[in-house]
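Source file: data19.cif. Holds: mmCIF, C-alpha atoms, pLDDT in the B column; chains and numbers go by the auth columns.
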```cif
data_work
#
loop_
_atom_site.group_PDB
_atom_site.id
_atom_site.type_symbol
_atom_site.label_atom_id
_atom_site.label_comp_id
_atom_site.label_asym_id
_atom_site.label_seq_id
_atom_site.Cartn_x
_atom_site.Cartn_y
_atom_site.Cartn_z
_atom_site.B_iso_or_equiv
_atom_site.auth_seq_id
_atom_site.auth_asym_id
ATOM 1 C CA ASP A 1 -46.327 173.387 119.967 62.00 1 A
ATOM 2 C CA ALA A 2 -44.035 176.389 120.257 76.00 2 A
ATOM 3 C CA GLY A 3 -46.124 177.949 123.005 91.00 3 A
ATOM 4 C CA VAL A 4 -47.393 181.512 123.074 95.00 4 A
ATOM 5 C CA ILE A 5 -45.152 183.646 120.884 96.00 5 A
ATOM 6 C CA GLN A 6 -44.733 187.360 121.458 96.00 6 A
ATOM 7 C CA SER A 7 -42.843 189.887 119.430 96.00 7 A
ATOM 8 C CA PRO A 8 -40.766 191.902 119.755 96.00 8 A
ATOM 9 C CA ARG A 9 -38.965 190.775 122.924 94.00 9 A
ATOM 10 C CA HIS A 10 -37.727 194.289 123.565 95.00 10 A
ATOM 11 C CA GLU A 11 -38.962 197.627 122.281 97.00 11 A
ATOM 12 C CA VAL A 12 -37.484 201.034 122.941 97.00 12 A
ATOM 13 C CA THR A 13 -39.396 203.976 121.551 96.00 13 A
ATOM 14 C CA GLU A 14 -39.682 207.701 121.994 97.00 14 A
ATOM 15 C CA MET A 15 -42.593 209.332 123.720 97.00 15 A
ATOM 16 C CA GLY A 16 -45.406 210.057 121.309 97.00 16 A
ATOM 17 C CA GLN A 17 -44.623 207.202 118.943 97.00 17 A
ATOM 18 C CA GLU A 18 -47.008 204.374 118.142 97.00 18 A
ATOM 19 C CA VAL A 19 -46.098 200.967 119.524 98.00 19 A
ATOM 20 C CA THR A 20 -47.556 197.646 118.393 98.00 20 A
ATOM 21 C CA LEU A 21 -47.061 194.447 120.334 98.00 21 A
ATOM 22 C CA ARG A 22 -47.882 191.100 118.765 98.00 22 A
ATOM 23 C CA CYS A 23 -49.007 187.749 120.060 98.00 23 A
ATOM 24 C CA LYS A 24 -49.588 184.310 118.567 98.00 24 A
ATOM 25 C CA PRO A 25 -51.543 182.073 120.940 97.00 25 A
ATOM 26 C CA ILE A 26 -51.342 178.313 121.186 95.00 26 A
ATOM 27 C CA SER A 27 -53.290 176.638 118.421 94.00 27 A
ATOM 28 C CA GLY A 28 -56.695 175.492 119.670 92.00 28 A
ATOM 29 C CA HIS A 29 -56.825 177.860 122.623 93.00 29 A
ATOM 30 C CA ASP A 30 -59.996 179.928 122.588 92.00 30 A
ATOM 31 C CA TYR A 31 -59.049 182.581 125.152 92.00 31 A
ATOM 32 C CA LEU A 32 -56.361 185.213 124.827 94.00 32 A
ATOM 33 C CA PHE A 33 -55.278 187.637 127.544 94.00 33 A
ATOM 34 C CA TRP A 34 -53.055 190.699 127.626 96.00 34 A
ATOM 35 C CA TYR A 35 -51.329 191.550 130.919 94.00 35 A
ATOM 36 C CA ARG A 36 -48.997 194.348 131.966 95.00 36 A
ATOM 37 C CA GLN A 37 -46.383 193.871 134.685 93.00 37 A
ATOM 38 C CA THR A 38 -44.692 196.685 136.586 92.00 38 A
ATOM 39 C CA MET A 39 -42.859 196.833 139.874 87.00 39 A
ATOM 40 C CA MET A 40 -45.409 199.222 141.314 89.00 40 A
ATOM 41 C CA ARG A 41 -48.631 197.505 140.248 88.00 41 A
ATOM 42 C CA GLY A 42 -47.641 193.890 139.674 87.00 42 A
ATOM 43 C CA LEU A 43 -49.569 191.954 137.040 89.00 43 A
ATOM 44 C CA GLU A 44 -52.622 193.719 135.634 89.00 44 A
ATOM 45 C CA LEU A 45 -55.132 192.209 133.231 90.00 45 A
ATOM 46 C CA LEU A 46 -55.677 194.656 130.399 95.00 46 A
ATOM 47 C CA ILE A 47 -58.121 192.834 128.119 94.00 47 A
ATOM 48 C CA TYR A 48 -59.160 189.361 127.131 92.00 48 A
ATOM 49 C CA PHE A 49 -60.746 187.750 124.098 94.00 49 A
ATOM 50 C CA ASN A 50 -62.882 184.660 123.665 92.00 50 A
ATOM 51 C CA ASN A 51 -63.081 183.231 120.158 94.00 51 A
ATOM 52 C CA ASN A 52 -61.513 186.442 118.812 95.00 52 A
ATOM 53 C CA VAL A 53 -64.155 188.664 120.413 95.00 53 A
ATOM 54 C CA PRO A 54 -63.139 191.172 123.125 95.00 54 A
ATOM 55 C CA ILE A 55 -64.982 190.264 126.305 91.00 55 A
ATOM 56 C CA ASP A 56 -63.614 192.546 128.991 89.00 56 A
ATOM 57 C CA ASP A 57 -61.429 195.576 128.329 92.00 57 A
ATOM 58 C CA SER A 58 -62.025 197.260 131.665 89.00 58 A
ATOM 59 C CA GLY A 59 -58.329 196.969 132.492 90.00 59 A
ATOM 60 C CA MET A 60 -57.202 199.008 129.517 94.00 60 A
ATOM 61 C CA PRO A 61 -55.770 202.130 131.139 88.00 61 A
ATOM 62 C CA GLU A 62 -57.018 204.703 128.661 86.00 62 A
ATOM 63 C CA ASP A 63 -57.993 205.351 125.077 91.00 63 A
ATOM 64 C CA ARG A 64 -54.389 205.346 123.984 95.00 64 A
ATOM 65 C CA PHE A 65 -54.488 201.582 124.329 97.00 65 A
ATOM 66 C CA SER A 66 -56.291 199.350 121.850 97.00 66 A
ATOM 67 C CA ALA A 67 -56.245 195.617 121.151 97.00 67 A
ATOM 68 C CA LYS A 68 -57.440 193.524 118.258 97.00 68 A
ATOM 69 C CA MET A 69 -57.711 189.867 117.428 97.00 69 A
ATOM 70 C CA PRO A 70 -58.452 189.557 113.705 97.00 70 A
ATOM 71 C CA ASN A 71 -58.217 185.761 113.767 95.00 71 A
ATOM 72 C CA ALA A 72 -57.606 182.862 116.115 95.00 72 A
ATOM 73 C CA SER A 73 -53.857 182.910 115.635 95.00 73 A
ATOM 74 C CA PHE A 74 -52.967 186.570 116.042 96.00 74 A
ATOM 75 C CA SER A 75 -53.550 189.507 118.348 98.00 75 A
ATOM 76 C CA THR A 76 -52.083 192.987 118.672 98.00 76 A
ATOM 77 C CA LEU A 77 -51.881 195.517 121.468 98.00 77 A
ATOM 78 C CA LYS A 78 -51.324 199.052 120.277 98.00 78 A
ATOM 79 C CA ILE A 79 -50.357 202.144 122.229 97.00 79 A
ATOM 80 C CA GLN A 80 -50.753 205.464 120.469 97.00 80 A
ATOM 81 C CA PRO A 81 -49.270 207.823 121.495 96.00 81 A
ATOM 82 C CA SER A 82 -46.886 206.130 123.903 96.00 82 A
ATOM 83 C CA GLU A 83 -45.808 207.746 127.179 96.00 83 A
ATOM 84 C CA PRO A 84 -42.940 206.981 129.591 96.00 84 A
ATOM 85 C CA ARG A 85 -45.417 205.617 132.161 95.00 85 A
ATOM 86 C CA ASP A 86 -46.328 202.887 129.670 96.00 86 A
ATOM 87 C CA SER A 87 -42.902 201.354 130.215 97.00 87 A
ATOM 88 C CA ALA A 88 -43.522 197.810 131.464 97.00 88 A
ATOM 89 C CA VAL A 89 -43.383 194.181 130.465 95.00 89 A
ATOM 90 C CA TYR A 90 -46.449 193.170 128.482 97.00 90 A
ATOM 91 C CA PHE A 91 -47.465 189.523 128.548 95.00 91 A
ATOM 92 C CA CYS A 92 -49.834 187.655 126.325 96.00 92 A
ATOM 93 C CA ALA A 93 -51.405 184.428 127.577 94.00 93 A
ATOM 94 C CA SER A 94 -53.789 181.914 126.093 93.00 94 A
ATOM 95 C CA SER A 95 -55.950 179.168 127.487 90.00 95 A
ATOM 96 C CA PHE A 96 -58.509 176.570 126.573 86.00 96 A
ATOM 97 C CA MET A 97 -61.964 177.095 128.076 76.00 97 A
ATOM 98 C CA GLY A 98 -61.007 180.041 130.247 68.00 98 A
ATOM 99 C CA GLY A 99 -58.941 180.166 133.410 65.00 99 A
ATOM 100 C CA GLY A 100 -60.005 176.950 135.063 67.00 100 A
ATOM 101 C CA TYR A 101 -57.099 175.030 133.565 71.00 101 A
ATOM 102 C CA GLY A 102 -54.526 177.770 133.879 79.00 102 A
ATOM 103 C CA TYR A 103 -52.972 180.019 131.301 88.00 103 A
ATOM 104 C CA THR A 104 -49.893 179.603 129.134 90.00 104 A
ATOM 105 C CA PHE A 105 -47.865 182.780 129.053 92.00 105 A
ATOM 106 C CA GLY A 106 -45.577 184.134 126.394 93.00 106 A
ATOM 107 C CA SER A 107 -42.101 185.404 127.237 91.00 107 A
ATOM 108 C CA GLY A 108 -43.285 188.993 127.234 94.00 108 A
ATOM 109 C CA THR A 109 -42.341 192.226 125.513 96.00 109 A
ATOM 110 C CA ARG A 110 -40.278 194.663 127.543 95.00 110 A
ATOM 111 C CA LEU A 111 -41.349 198.142 126.478 97.00 111 A
ATOM 112 C CA THR A 112 -39.298 201.206 127.312 97.00 112 A
ATOM 113 C CA VAL A 113 -40.642 204.614 126.360 97.00 113 A
ATOM 114 C CA VAL A 114 -38.079 207.388 126.624 96.00 114 A
ATOM 115 C CA ALA B 1 -65.032 188.685 144.196 72.00 1 B
ATOM 116 C CA GLN B 2 -61.991 186.593 144.782 79.00 2 B
ATOM 117 C CA SER B 3 -58.578 187.738 145.932 88.00 3 B
ATOM 118 C CA VAL B 4 -55.289 186.271 146.987 93.00 4 B
ATOM 119 C CA THR B 5 -52.704 187.380 149.538 95.00 5 B
ATOM 120 C CA GLN B 6 -49.127 186.211 149.483 96.00 6 B
ATOM 121 C CA LEU B 7 -47.946 186.648 153.017 96.00 7 B
ATOM 122 C CA ASP B 8 -44.250 187.141 152.296 96.00 8 B
ATOM 123 C CA SER B 9 -42.818 189.447 149.672 95.00 9 B
ATOM 124 C CA HIS B 10 -39.382 187.861 150.044 97.00 10 B
ATOM 125 C CA VAL B 11 -38.228 184.479 151.328 98.00 11 B
ATOM 126 C CA SER B 12 -34.590 183.482 151.668 98.00 12 B
ATOM 127 C CA VAL B 13 -33.454 179.884 152.246 97.00 13 B
ATOM 128 C CA SER B 14 -30.227 177.949 152.056 97.00 14 B
ATOM 129 C CA GLU B 15 -29.710 175.362 149.366 97.00 15 B
ATOM 130 C CA GLY B 16 -30.928 171.972 150.521 97.00 16 B
ATOM 131 C CA THR B 17 -33.351 173.336 153.127 98.00 17 B
ATOM 132 C CA PRO B 18 -37.164 173.311 152.843 98.00 18 B
ATOM 133 C CA VAL B 19 -39.123 176.003 151.052 98.00 19 B
ATOM 134 C CA LEU B 20 -42.464 177.390 152.260 98.00 20 B
ATOM 135 C CA LEU B 21 -44.250 180.128 150.317 98.00 21 B
ATOM 136 C CA ARG B 22 -47.518 181.151 151.897 98.00 22 B
ATOM 137 C CA CYS B 23 -50.753 182.047 150.143 97.00 23 B
ATOM 138 C CA ASN B 24 -54.229 182.802 151.474 97.00 24 B
ATOM 139 C CA TYR B 25 -57.230 183.269 149.252 94.00 25 B
ATOM 140 C CA SER B 26 -60.724 184.664 149.390 91.00 26 B
ATOM 141 C CA SER B 27 -63.438 183.349 147.134 83.00 27 B
ATOM 142 C CA SER B 28 -67.215 183.246 147.021 76.00 28 B
ATOM 143 C CA TYR B 29 -67.200 180.046 145.038 77.00 29 B
ATOM 144 C CA SER B 30 -65.213 176.855 144.894 79.00 30 B
ATOM 145 C CA PRO B 31 -61.945 178.223 143.604 84.00 31 B
ATOM 146 C CA SER B 32 -59.322 176.959 141.267 87.00 32 B
ATOM 147 C CA LEU B 33 -55.870 177.781 142.602 91.00 33 B
ATOM 148 C CA PHE B 34 -52.528 177.945 140.847 93.00 34 B
ATOM 149 C CA TRP B 35 -48.891 178.641 141.489 96.00 35 B
ATOM 150 C CA TYR B 36 -46.789 180.201 138.755 95.00 36 B
ATOM 151 C CA VAL B 37 -43.045 180.779 138.709 96.00 37 B
ATOM 152 C CA GLN B 38 -41.255 183.576 136.892 94.00 38 B
ATOM 153 C CA HIS B 39 -37.512 183.430 136.419 92.00 39 B
ATOM 154 C CA PRO B 40 -35.690 186.703 135.685 87.00 40 B
ATOM 155 C CA ASN B 41 -36.586 188.137 132.294 80.00 41 B
ATOM 156 C CA LYS B 42 -38.847 185.188 131.538 84.00 42 B
ATOM 157 C CA GLY B 43 -42.555 184.609 131.221 86.00 43 B
ATOM 158 C CA LEU B 44 -44.700 182.901 133.831 91.00 44 B
ATOM 159 C CA GLN B 45 -44.664 179.123 133.988 92.00 45 B
ATOM 160 C CA LEU B 46 -47.403 177.045 135.581 91.00 46 B
ATOM 161 C CA LEU B 47 -46.029 175.056 138.540 95.00 47 B
ATOM 162 C CA LEU B 48 -49.202 173.346 139.680 93.00 48 B
ATOM 163 C CA LYS B 49 -52.951 173.746 139.920 91.00 49 B
ATOM 164 C CA TYR B 50 -55.792 172.747 142.211 90.00 50 B
ATOM 165 C CA THR B 51 -59.199 172.262 140.627 81.00 51 B
ATOM 166 C CA SER B 52 -61.277 170.520 143.326 74.00 52 B
ATOM 167 C CA ALA B 53 -59.721 167.086 143.050 74.00 53 B
ATOM 168 C CA ALA B 54 -57.070 165.911 145.536 83.00 54 B
ATOM 169 C CA THR B 55 -56.197 168.548 148.116 89.00 55 B
ATOM 170 C CA LEU B 56 -52.465 167.789 147.908 93.00 56 B
ATOM 171 C CA VAL B 57 -51.256 168.819 144.494 94.00 57 B
ATOM 172 C CA LYS B 58 -47.885 167.856 143.067 94.00 58 B
ATOM 173 C CA GLY B 59 -46.252 170.069 140.484 93.00 59 B
ATOM 174 C CA ILE B 60 -43.093 170.294 138.506 93.00 60 B
ATOM 175 C CA ASN B 61 -39.556 170.491 139.914 93.00 61 B
ATOM 176 C CA GLY B 62 -40.515 168.837 143.205 96.00 62 B
ATOM 177 C CA PHE B 63 -42.971 171.503 144.344 97.00 63 B
ATOM 178 C CA GLU B 64 -46.298 170.704 145.908 97.00 64 B
ATOM 179 C CA ALA B 65 -49.157 172.623 147.501 97.00 65 B
ATOM 180 C CA GLU B 66 -51.966 171.703 149.839 94.00 66 B
ATOM 181 C CA PHE B 67 -55.447 173.169 149.587 93.00 67 B
ATOM 182 C CA LYS B 68 -56.887 173.785 153.057 93.00 68 B
ATOM 183 C CA LYS B 69 -60.427 175.073 152.852 90.00 69 B
ATOM 184 C CA SER B 70 -60.780 175.626 156.595 91.00 70 B
ATOM 185 C CA GLU B 71 -57.734 177.888 156.557 93.00 71 B
ATOM 186 C CA THR B 72 -58.361 179.313 153.065 93.00 72 B
ATOM 187 C CA SER B 73 -54.737 178.588 152.303 95.00 73 B
ATOM 188 C CA PHE B 74 -52.753 177.137 149.428 96.00 74 B
ATOM 189 C CA HIS B 75 -49.131 177.165 150.572 97.00 75 B
ATOM 190 C CA LEU B 76 -46.353 176.055 148.239 98.00 76 B
ATOM 191 C CA THR B 77 -43.628 173.773 149.565 98.00 77 B
ATOM 192 C CA LYS B 78 -40.527 171.936 148.460 98.00 78 B
ATOM 193 C CA PRO B 79 -38.484 169.636 150.690 97.00 79 B
ATOM 194 C CA SER B 80 -35.072 170.762 149.468 97.00 80 B
ATOM 195 C CA ALA B 81 -34.294 174.021 147.702 97.00 81 B
ATOM 196 C CA HIS B 82 -32.038 174.152 144.682 97.00 82 B
ATOM 197 C CA MET B 83 -30.197 177.185 143.374 96.00 83 B
ATOM 198 C CA SER B 84 -32.304 177.058 140.219 95.00 84 B
ATOM 199 C CA ASP B 85 -35.452 177.618 142.311 97.00 85 B
ATOM 200 C CA ALA B 86 -34.520 181.265 142.825 97.00 86 B
ATOM 201 C CA ALA B 87 -37.341 183.167 141.137 97.00 87 B
ATOM 202 C CA GLU B 88 -40.577 185.065 141.707 96.00 88 B
ATOM 203 C CA TYR B 89 -43.596 182.945 142.630 97.00 89 B
ATOM 204 C CA PHE B 90 -47.206 183.956 142.117 96.00 90 B
ATOM 205 C CA CYS B 91 -50.277 182.474 143.755 96.00 91 B
ATOM 206 C CA VAL B 92 -53.399 182.786 141.607 92.00 92 B
ATOM 207 C CA VAL B 93 -57.091 182.243 142.343 89.00 93 B
ATOM 208 C CA SER B 94 -59.884 181.787 139.855 83.00 94 B
ATOM 209 C CA ASP B 95 -63.500 181.214 140.782 72.00 95 B
ATOM 210 C CA ARG B 96 -64.906 181.870 137.380 65.00 96 B
ATOM 211 C CA ASN B 97 -63.392 180.669 134.186 56.00 97 B
ATOM 212 C CA ASN B 98 -62.204 184.013 132.978 63.00 98 B
ATOM 213 C CA ASP B 99 -61.240 185.918 136.082 72.00 99 B
ATOM 214 C CA MET B 100 -57.849 184.987 137.492 79.00 100 B
ATOM 215 C CA ARG B 101 -56.448 187.145 140.276 85.00 101 B
ATOM 216 C CA PHE B 102 -52.708 187.196 140.862 89.00 102 B
ATOM 217 C CA GLY B 103 -51.018 187.726 144.182 92.00 103 B
ATOM 218 C CA ALA B 104 -48.293 190.326 144.520 91.00 104 B
ATOM 219 C CA GLY B 105 -45.608 187.692 144.269 94.00 105 B
ATOM 220 C CA THR B 106 -42.941 186.230 146.563 97.00 106 B
ATOM 221 C CA ARG B 107 -39.303 186.507 145.616 97.00 107 B
ATOM 222 C CA LEU B 108 -37.397 183.371 146.601 98.00 108 B
ATOM 223 C CA THR B 109 -33.665 183.683 147.168 97.00 109 B
ATOM 224 C CA VAL B 110 -31.560 180.527 147.554 97.00 110 B
ATOM 225 C CA LYS B 111 -28.213 180.901 149.269 97.00 111 B
ATOM 226 C CA PRO B 112 -25.368 178.475 148.561 95.00 112 B
#
```

Written as structure tokens, how would this file's structure read?
Amino acid sequence: DAGVIQSPRHEVTEMGQEVTLRCKPISGHDYLFWYRQTMMRGLELLIYFNNNVPIDDSGMPEDRFSAKMPNASFSTLKIQPSEPRDSAVYFCASSFMGGGYGYTFGSGTRLTVV
Amino acid sequence: AQSVTQLDSHVSVSEGTPVLLRCNYSSSYSPSLFWYVQHPNKGLQLLLKYTSAATLVKGINGFEAEFKKSETSFHLTKPSAHMSDAAEYFCVVSDRNNDMRFGAGTRLTVKP
């Protein structure tokens, strides 16, 4: 298995533009998580899905952020409109049967909003 | 609710000397505990996990951790540091399947 695949690896965009981050989880994993990592706040859980259904989105910072999982092999995190304070590394992770066995993380997308 | 505290934000050791990264946790239930490593510009990689089996857990790259319930600790150790061990290390606690809490991280520096 190729692991959790995220794209793009790097994204630079101007303030106000729409940004879409993509994630392909490990085949057979039934949980998918989106995290954001910054120096100031560390790793923050934004949202997670179970069997493609959003379960907890309480970590999503505001309405500018949205996430979808149309099928078991694909998820997106969208920011519209983007702001400089959204600059961070965004990680996707997947797991089988929740967190009890640990997560497998993707390599992340480094987002810079200028 | 569970939480985890990594007691050192930065640890510096010389190559070939032991490594100790400290982690204390708080949990209302029997927790699962993990250590992850993050090398620069990389994702997080699972080093080892404790899920209520043996209290001494062996992981990859020679790391191990011991679960001590009486001390609510899960410290990460390695007998001899290697230059390639330089990275950020995260202690993680989970007491329900879907709620993993990450520590703030410990940056390990290995001097030649």

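Computed from the coordinates, the CA of Thr106 (chain B) to CA of Thr104 (chain A) distance equals 19.9 Å.
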
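For the structure shown here, the set of residues caught by the PyMOL selection byres ((chain B and resi 53) around 12) is Ser30, Pro31, Ser32, Leu33, Lys49, Tyr50, Thr51, Ser52, Ala54, Thr55, Leu56, Val57, Lys58, Glu66 and Phe67 of chain B.
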
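Residues lying within 9 Å of Arg9 (chain A), counting all atoms listed in the file and ignoring same-chain neighbours fewer than 3 positions away, are Gln6, Ser107, Gly108, Thr109, Arg110 and Leu111 of chain A.
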
Taking C-alpha atoms for each residue, export the selection above as a PDB file, in the coordinates of the input.
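again-v4.pdb was written with the following content:
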```pdb
ATOM      1  CA  GLN A   6     -44.733 187.360 121.458  1.00 96.00           C
ATOM      2  CA  SER A 107     -42.101 185.404 127.237  1.00 91.00           C
ATOM      3  CA  GLY A 108     -43.285 188.993 127.234  1.00 94.00           C
ATOM      4  CA  THR A 109     -42.341 192.226 125.513  1.00 96.00           C
ATOM      5  CA  ARG A 110     -40.278 194.663 127.543  1.00 95.00           C
ATOM      6  CA  LEU A 111     -41.349 198.142 126.478  1.00 97.00           C
TER       7      LEU A 111
END
```

I need the residue set behind the PyMOL selection byres ((chain B) within 8 of (chain A)) for this file; please write it as a VMD selection string. chain B and resid 32 34 41 to 46 49 51 94 to 100 102 104 to 105

Let's have the selection written as an mmCIF file, in the frame of the given file, with C-alpha atoms.
```cif
data_model
loop_
_atom_site.group_PDB
_atom_site.id
_atom_site.type_symbol
_atom_site.label_atom_id
_atom_site.label_comp_id
_atom_site.auth_asym_id
_atom_site.auth_seq_id
_atom_site.Cartn_x
_atom_site.Cartn_y
_atom_site.Cartn_z
ATOM 1 C CA SER B 32 -59.322 176.959 141.267
ATOM 2 C CA PHE B 34 -52.528 177.945 140.847
ATOM 3 C CA ASN B 41 -36.586 188.137 132.294
ATOM 4 C CA LYS B 42 -38.847 185.188 131.538
ATOM 5 C CA GLY B 43 -42.555 184.609 131.221
ATOM 6 C CA LEU B 44 -44.700 182.901 133.831
ATOM 7 C CA GLN B 45 -44.664 179.123 133.988
ATOM 8 C CA LEU B 46 -47.403 177.045 135.581
ATOM 9 C CA LYS B 49 -52.951 173.746 139.920
ATOM 10 C CA THR B 51 -59.199 172.262 140.627
ATOM 11 C CA SER B 94 -59.884 181.787 139.855
ATOM 12 C CA ASP B 95 -63.500 181.214 140.782
ATOM 13 C CA ARG B 96 -64.906 181.870 137.380
ATOM 14 C CA ASN B 97 -63.392 180.669 134.186
ATOM 15 C CA ASN B 98 -62.204 184.013 132.978
ATOM 16 C CA ASP B 99 -61.240 185.918 136.082
ATOM 17 C CA MET B 100 -57.849 184.987 137.492
ATOM 18 C CA PHE B 102 -52.708 187.196 140.862
ATOM 19 C CA ALA B 104 -48.293 190.326 144.520
ATOM 20 C CA GLY B 105 -45.608 187.692 144.269
#
```

Measuring atom to atom with all atoms listed in the file, identify which of B:Asn61, B:Ser70, B:Gln2, B:Ser9 is nearest to His82 (chain B). B:Asn61

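The space separating CA of Ala2 (chain A) from CA of Phe74 (chain A) comes to 14.2 Å.
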
Residues picked by the PyMOL selection byres ((chain A and resi 10-20) around 9) here, as a PyMOL selection string? chain A and resi 7-9+21-22+76-84+89+108-114

Counting all atoms listed in the file, what is within 8 Å of region 20-25 of chain B, bar same-chain residues fewer than 3 positions away, as a PyMOL selection string? chain B and resi 2-8+11+71-78+91+93+106

Within-6 Å shell of (-44.3, 183.5, 141.7) in input frame, only C-alpha atoms, as an mmCIF file with C-alpha atoms, keeping the file's coordinate frame:
```cif
data_model
loop_
_atom_site.group_PDB
_atom_site.id
_atom_site.type_symbol
_atom_site.label_atom_id
_atom_site.label_comp_id
_atom_site.auth_asym_id
_atom_site.auth_seq_id
_atom_site.Cartn_x
_atom_site.Cartn_y
_atom_site.Cartn_z
ATOM 1 C CA TYR B 36 -46.789 180.201 138.755
ATOM 2 C CA VAL B 37 -43.045 180.779 138.709
ATOM 3 C CA GLN B 38 -41.255 183.576 136.892
ATOM 4 C CA GLU B 88 -40.577 185.065 141.707
ATOM 5 C CA TYR B 89 -43.596 182.945 142.630
ATOM 6 C CA PHE B 90 -47.206 183.956 142.117
ATOM 7 C CA GLY B 105 -45.608 187.692 144.269
ATOM 8 C CA THR B 106 -42.941 186.230 146.563
#
```

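Separating CA of Ser58 (chain A) from CA of Asp30 (chain A) is a distance of 19.7 Å.
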
May I have the residues within 12 Å of Pro79 (chain B) as a PyMOL selection string, using only C-alpha atoms and disregarding those fewer than 5 positions away in the same chain? chain B and resi 13-21+61-65+85
